[in-house]
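Trainee: Here you go, one structure.
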Amino acid sequence: MLTKKVKNRILFLVSIFLISISAVLFILKSLNKNILYFSSPTEIKQKEDIPFGKAMRVGGMVKKGSISISQNDIKFVVTDFENEILISYSGTVPNLFAEEKGVVAEGRLRDKNFFVAERILAKHDENYMPPEIKEIIEKNAK
Amino acid sequence: MLSNIGIGLVTLVLVLSFLTIYTATLDLKTSSQTIKKSIYKLSLFQTTFTILSFLTLIIGFLNSDFSLVNVYENSHSEKPFFYKIAGTWGNHEGSLLLWINILVIFSYLFLVFNHTHDKKFRLYTLIFQNTLILGFLFFLLSNSNPFSPIYPIPLEGLGLNPILQDPALAIHPPLLYVGFVGCSIYFSAAMASLLSNYGGKLFAQSIKTWVKISWCFQTLGIIVGSIWAYYELGWGGFWFWDPVENASLLPWFAITALMHSLIVLEKRNTLYHWVVILCLSTFILSVIGTFLVRSGILNSVHTFASDPSRGVYILIFLSLMIFSALTIFFTKHKKEKYNFNLKSKETFILANNWFMAFFLVTVLIGILYPIFLDVLTNMKISVGPPFFNIVIIPLVVPFMFLMAIGPKFSWIKSQNKISYKSIFPIFGAIGINLFIFYFFGEYSLLSNLIFITAIFLILHSFLDIKKNISKKNIYQLPRIISHLGFGLLVFFIGINHQFSLEEDFNLKVGEIKKTDNYEINFQDIKIKERKNYKAIVGNFELTNLKKNLVEYLEPEIRIYSNPETLTYEAAIKTKITSDLYLTMSNVSRSDYYNIKFQNKPFMVWIWISALMITFGGFMQLSLKKNED
């Protein structure tokens with residue numbers, strides 16, 4: 001039969017194994033709840049099952065002449081040169097936010113044409129283009 | 001001219017590295033107990049020339065010598081003196097040269113200061129370190145050369161990104177580099193120790209100081225970066241779980257685990273292989289972080305003009321490093337006996353390591369999952385801050401509890417008595433928590449637990465300090481100060497999180513905005529000419545309606561000309577109990593200004609307690625004898 005020492009060791013290994021499995025499961029579960037999907041305006045138009053209440057990211061170029069500012073919010077249109085979406089945001093915008101520049105907005109979709117942003121992502125370099133947006137532009141602006 | 005000198009010096013360093021490896025390999029075979037004098041000399045020359053090459057680059061920046069592409073792209077003749085120097089490492093090529101400088105300097109210092117240790121071990125360390133140096137030198141010379149010439153010579157440079165023109169950000173890279181690149185020396189030492197069978201206690205003693213140095217600088221570097229983000233980026237926060245911040249946390253978790261388990265190796269001569277794994281992974285994680293932020297995979301301020309070939313080079317280098325580390329580890333791995341009693345200091349230190357490993361895995365998954373998903377399914381996602389908060393914060397509760405009582409246990413086996421006495425402050429903690437809860441506002445169960453354990457750790461540390469001072473024992477103090485700093489940090493972050501106030505709105509000049517407690521009067525704007533930018537300064541009168549207190553805040557919009565960029569400068573009023581934080585921005589020259597107003601309680605205490613953690617580390621470095 002197993003000695004006490006071996007038994008203890010098995011018990012120890014099994015519990016370590018169980019703890020690490022449950023830790024990883026826990027991490028993955030919370031990960032699933034908290035990921036933000038990135039979509040372009042075209043993807044929003046085309047997708048049937050787009051979630052309205054869930055936080056997500058939208059990106060593209062800020063359309064020329066589309067920025068309007070009122071006391072409570074800033075509205076602007078983001079385009080991927082095929083489709084557009086209106087974004088409303090209240091809060092400070094990052095310093096590189098401007099017309100005809102790339103932008104990524106984080107927030108929730110109201111309907112397929114209107115997005116309420118909670119955060120506008122800061123880009124640190126005027127020459128830098130987020131990879132997501134670069135891809136969209138290369139695809140559409142030929 | 002400078003270009004030739006620079007490239008000449010770097011090539012000389014390259015040749016010296018080869019020579020060092022060659023003579024060190026020859027010296028391995030001799031029977032003499034001491035290392036040949038010539039190796040010391042080679043290493044000293046190597047260090048001198050590396051430092052000279054860096055000074056050459058600094059001179060290039062100071063003289064605005066635009067015959068160097070690097071200076072042309074990142075500097076401007078009208079830039080202030082201080083930022084001309086800082087510009088040297090504010091770009092990819094220059095920072096790589098700084099990286100090599102630290103590799104070389106650490107290599108030399110390690111050789112000189114460890115003269116009491118085994119000859120073979122020291123020679124192997126030198127060989128591995130020089131292999132790393134060679135790898136990065138090839139990288140520098142092949143596609144990231146800071147001394148590349150440009151012809152015809154441009155008259156004016158392009159300038160440094162204005163948000164990098166800041167004192168905190170000027171010292172942030174050198175600090176982090178000492179921290180992250182400093183890890184290379186015990187990466188090499190760990191490999192050397194496996195090859196030369198120089199393990200156990202003596203190995204721990206040889207790398208101890210280096211681990212502490214790099215830990216201190218890493219911690220300080222991360223704090224400085226965080227302070228910079230707080231006042232420069234204008235979001236009013238100090239930690240965003242941004243991929244770049246996370247990348248800096250990965251090696252930090254590993255090195256913190258290493259700092260603790262190294263004590264076990266030194267005192268109890270066990271856990272050797274675990275320590276080796278941590279040594280190897282700390283530097284590997286540092287390079288992974290560099291790869292992620294430099295290659296443009298993660299987008300951030302650290303992504304200097306992204307060039308895919310750089311990413312590929314680092315990736316190949318990284319795979320070689322990991323591969324050789326694993327090969328050596330598994331061929332040299334020997335069975336080790338672990339015999340731990342539950343109630344002993346080593347068990348608690350091991351518990352620290354488990355927590356660190358868990359935090360590390362969490363953050364690693366958070367960083368890598370989106371990248372893998374993108375590669376595999378082309379789906380673009382990002383992991384939000386709630387993920388890290390949900391997974392990490394609950395575990396901070398038991399972590400802090402163990403952090404308070406763990407050090408009370410003695411090595412091998414403890415008596416029961418100690419732990420009861422040290423539980424006592426828990427009643428004090430519950431009392432203080434109830435007081436805050438009752439008088440200042442309600443919060444969730446988890447927050448209650450966080451506050452209780454944080455206060456428990458704080459009270460516990462204070463009792464410890466009192467006891468150690470009355471015993472005139474100063475060797476425990478560094479550890480207590482660092483642990484106390486962590487407790488305070490969590491406590492103040494908790495308070496800050498619970499009682500912060502944030503308002504976003506748009507105002508025209510002359511308008512007034514009323515919120516629950518404050519009246520914000522946008523009085524006027526002025527335009528001021530400064531040395532290398534123009535500033536639009538807003539005058540805000542802020543009335544605290546409850547206390548009837550008036551404050552004036554002056555946020556700025558700065559227009560830099562070289563390169564043409566806008567930055568928003570927050571106006572921050574720091575007081576002992578809270579920070580008032582106001583940023584102003586303007587979009588497409590509209591009449592409305594975008595205002596963000598925040599009241600952040602105990603902000604300055606967050607920095608103080610974070611600095612306290614580092615202070616503990618530096619204090620321990622300065623004490624020669626160690627805690628037992």
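In the structure tokens, chains take letters A, B, ... by order of appearance, with residues numbered from 1 within each chain and ligands from 1 in the order shown.
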Output as a ChimeraX atom specification the set of chain A residues within 6 Å of chain B, with distances taken over only C-alpha atoms.

Mentor: /A:30-31,34-38,71-72,91-92,95,124

Trainee: When you look at B:Ile150 with a cut-off of 9 Å (counting only C-alpha atoms), what residues show up, excluding the ones that are within fewer than 4 positions of it in the same chain? I need them as a list in words.

Mentor: Phe66, Ser67, Leu68, Val69, Tyr72 and Pro154 of chain B

Trainee: Output as a PyMOL selection string all residues of chain A that backbone DSSP marks as strand (DSSP E).

Mentor: chain A and resi 35-39+56-62+68-69+74-79+84-89+102-111+114-120

Trainee: Suppose we keep C-alpha atoms; can you now write the selection as a PDB file, in the first residue's frame?

Mentor:
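Generated file (out_27.pdb):
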```
ATOM      1  CA  ILE A  35     -13.019  41.621 -24.408  1.00  0.00           C
ATOM      2  CA  LEU A  36     -13.821  44.487 -26.704  1.00  0.00           C
ATOM      3  CA  TYR A  37     -14.356  43.667 -30.359  1.00  0.00           C
ATOM      4  CA  PHE A  38     -13.160  46.065 -32.989  1.00  0.00           C
ATOM      5  CA  SER A  39     -15.381  46.778 -35.981  1.00  0.00           C
ATOM      6  CA  MET A  56     -16.942  47.588 -28.309  1.00  0.00           C
ATOM      7  CA  ARG A  57     -14.558  49.614 -30.433  1.00  0.00           C
ATOM      8  CA  VAL A  58     -15.156  51.368 -33.715  1.00  0.00           C
ATOM      9  CA  GLY A  59     -12.435  52.856 -35.850  1.00  0.00           C
ATOM     10  CA  GLY A  60     -11.840  54.692 -39.092  1.00  0.00           C
ATOM     11  CA  MET A  61     -11.101  58.171 -40.310  1.00  0.00           C
ATOM     12  CA  VAL A  62     -12.788  61.284 -38.991  1.00  0.00           C
ATOM     13  CA  SER A  68     -19.795  69.532 -34.364  1.00  0.00           C
ATOM     14  CA  ILE A  69     -19.568  70.605 -30.769  1.00  0.00           C
ATOM     15  CA  ILE A  74     -18.885  66.290 -29.551  1.00  0.00           C
ATOM     16  CA  LYS A  75     -20.369  64.623 -32.599  1.00  0.00           C
ATOM     17  CA  PHE A  76     -18.362  63.439 -35.563  1.00  0.00           C
ATOM     18  CA  VAL A  77     -18.627  60.980 -38.403  1.00  0.00           C
ATOM     19  CA  VAL A  78     -16.219  58.093 -38.778  1.00  0.00           C
ATOM     20  CA  THR A  79     -15.800  56.658 -42.220  1.00  0.00           C
ATOM     21  CA  GLU A  84     -20.120  55.874 -42.126  1.00  0.00           C
ATOM     22  CA  ILE A  85     -21.219  56.013 -38.541  1.00  0.00           C
ATOM     23  CA  LEU A  86     -22.081  58.959 -36.319  1.00  0.00           C
ATOM     24  CA  ILE A  87     -20.267  59.055 -33.003  1.00  0.00           C
ATOM     25  CA  SER A  88     -21.201  61.116 -29.980  1.00  0.00           C
ATOM     26  CA  TYR A  89     -18.738  61.651 -27.162  1.00  0.00           C
ATOM     27  CA  GLY A 102      -7.449  57.930 -37.758  1.00  0.00           C
ATOM     28  CA  VAL A 103      -9.492  57.422 -34.610  1.00  0.00           C
ATOM     29  CA  VAL A 104     -10.563  54.542 -32.394  1.00  0.00           C
ATOM     30  CA  ALA A 105     -13.627  55.038 -30.204  1.00  0.00           C
ATOM     31  CA  GLU A 106     -14.637  52.777 -27.335  1.00  0.00           C
ATOM     32  CA  GLY A 107     -18.274  52.655 -26.286  1.00  0.00           C
ATOM     33  CA  ARG A 108     -21.661  51.211 -27.130  1.00  0.00           C
ATOM     34  CA  LEU A 109     -23.786  51.030 -30.254  1.00  0.00           C
ATOM     35  CA  ARG A 110     -27.256  52.649 -30.099  1.00  0.00           C
ATOM     36  CA  ASP A 111     -28.273  51.627 -33.577  1.00  0.00           C
ATOM     37  CA  PHE A 114     -25.145  55.888 -34.057  1.00  0.00           C
ATOM     38  CA  PHE A 115     -22.434  55.087 -31.550  1.00  0.00           C
ATOM     39  CA  VAL A 116     -21.992  56.580 -28.101  1.00  0.00           C
ATOM     40  CA  ALA A 117     -18.320  56.652 -27.150  1.00  0.00           C
ATOM     41  CA  GLU A 118     -17.010  56.493 -23.602  1.00  0.00           C
ATOM     42  CA  ARG A 119     -13.381  56.871 -24.551  1.00  0.00           C
ATOM     43  CA  ILE A 120     -11.459  58.111 -27.544  1.00  0.00           C
TER      44      ILE A 120
END
```

Trainee: When DSSP works through the backbone of this structure, what residues of chain A end up as alpha helix (DSSP H), shown as a ChimeraX atom specification?

Mentor: /A:4-33,41-46,131-140

Trainee: Env of A:Lys112: 12 Å cut, atoms = only C-alpha atoms, seq-sep filter 6 positions within chain, self excluded. Answer as number ranges by chain.

Mentor: A: 39-52, 58, 83-87

Trainee: What separation in Å, quoted to one decimal, exists between atom CA of B:Ser444 and atom CA of B:Gly494?

Mentor: 11.4 Å

Trainee: Can you pull out every residue within 6 Å of stretch 489-492 of chain B, counting only C-alpha atoms, but drop anything in the same chain fewer than 3 positions away, and send it as a count of residues only?

Mentor: 7
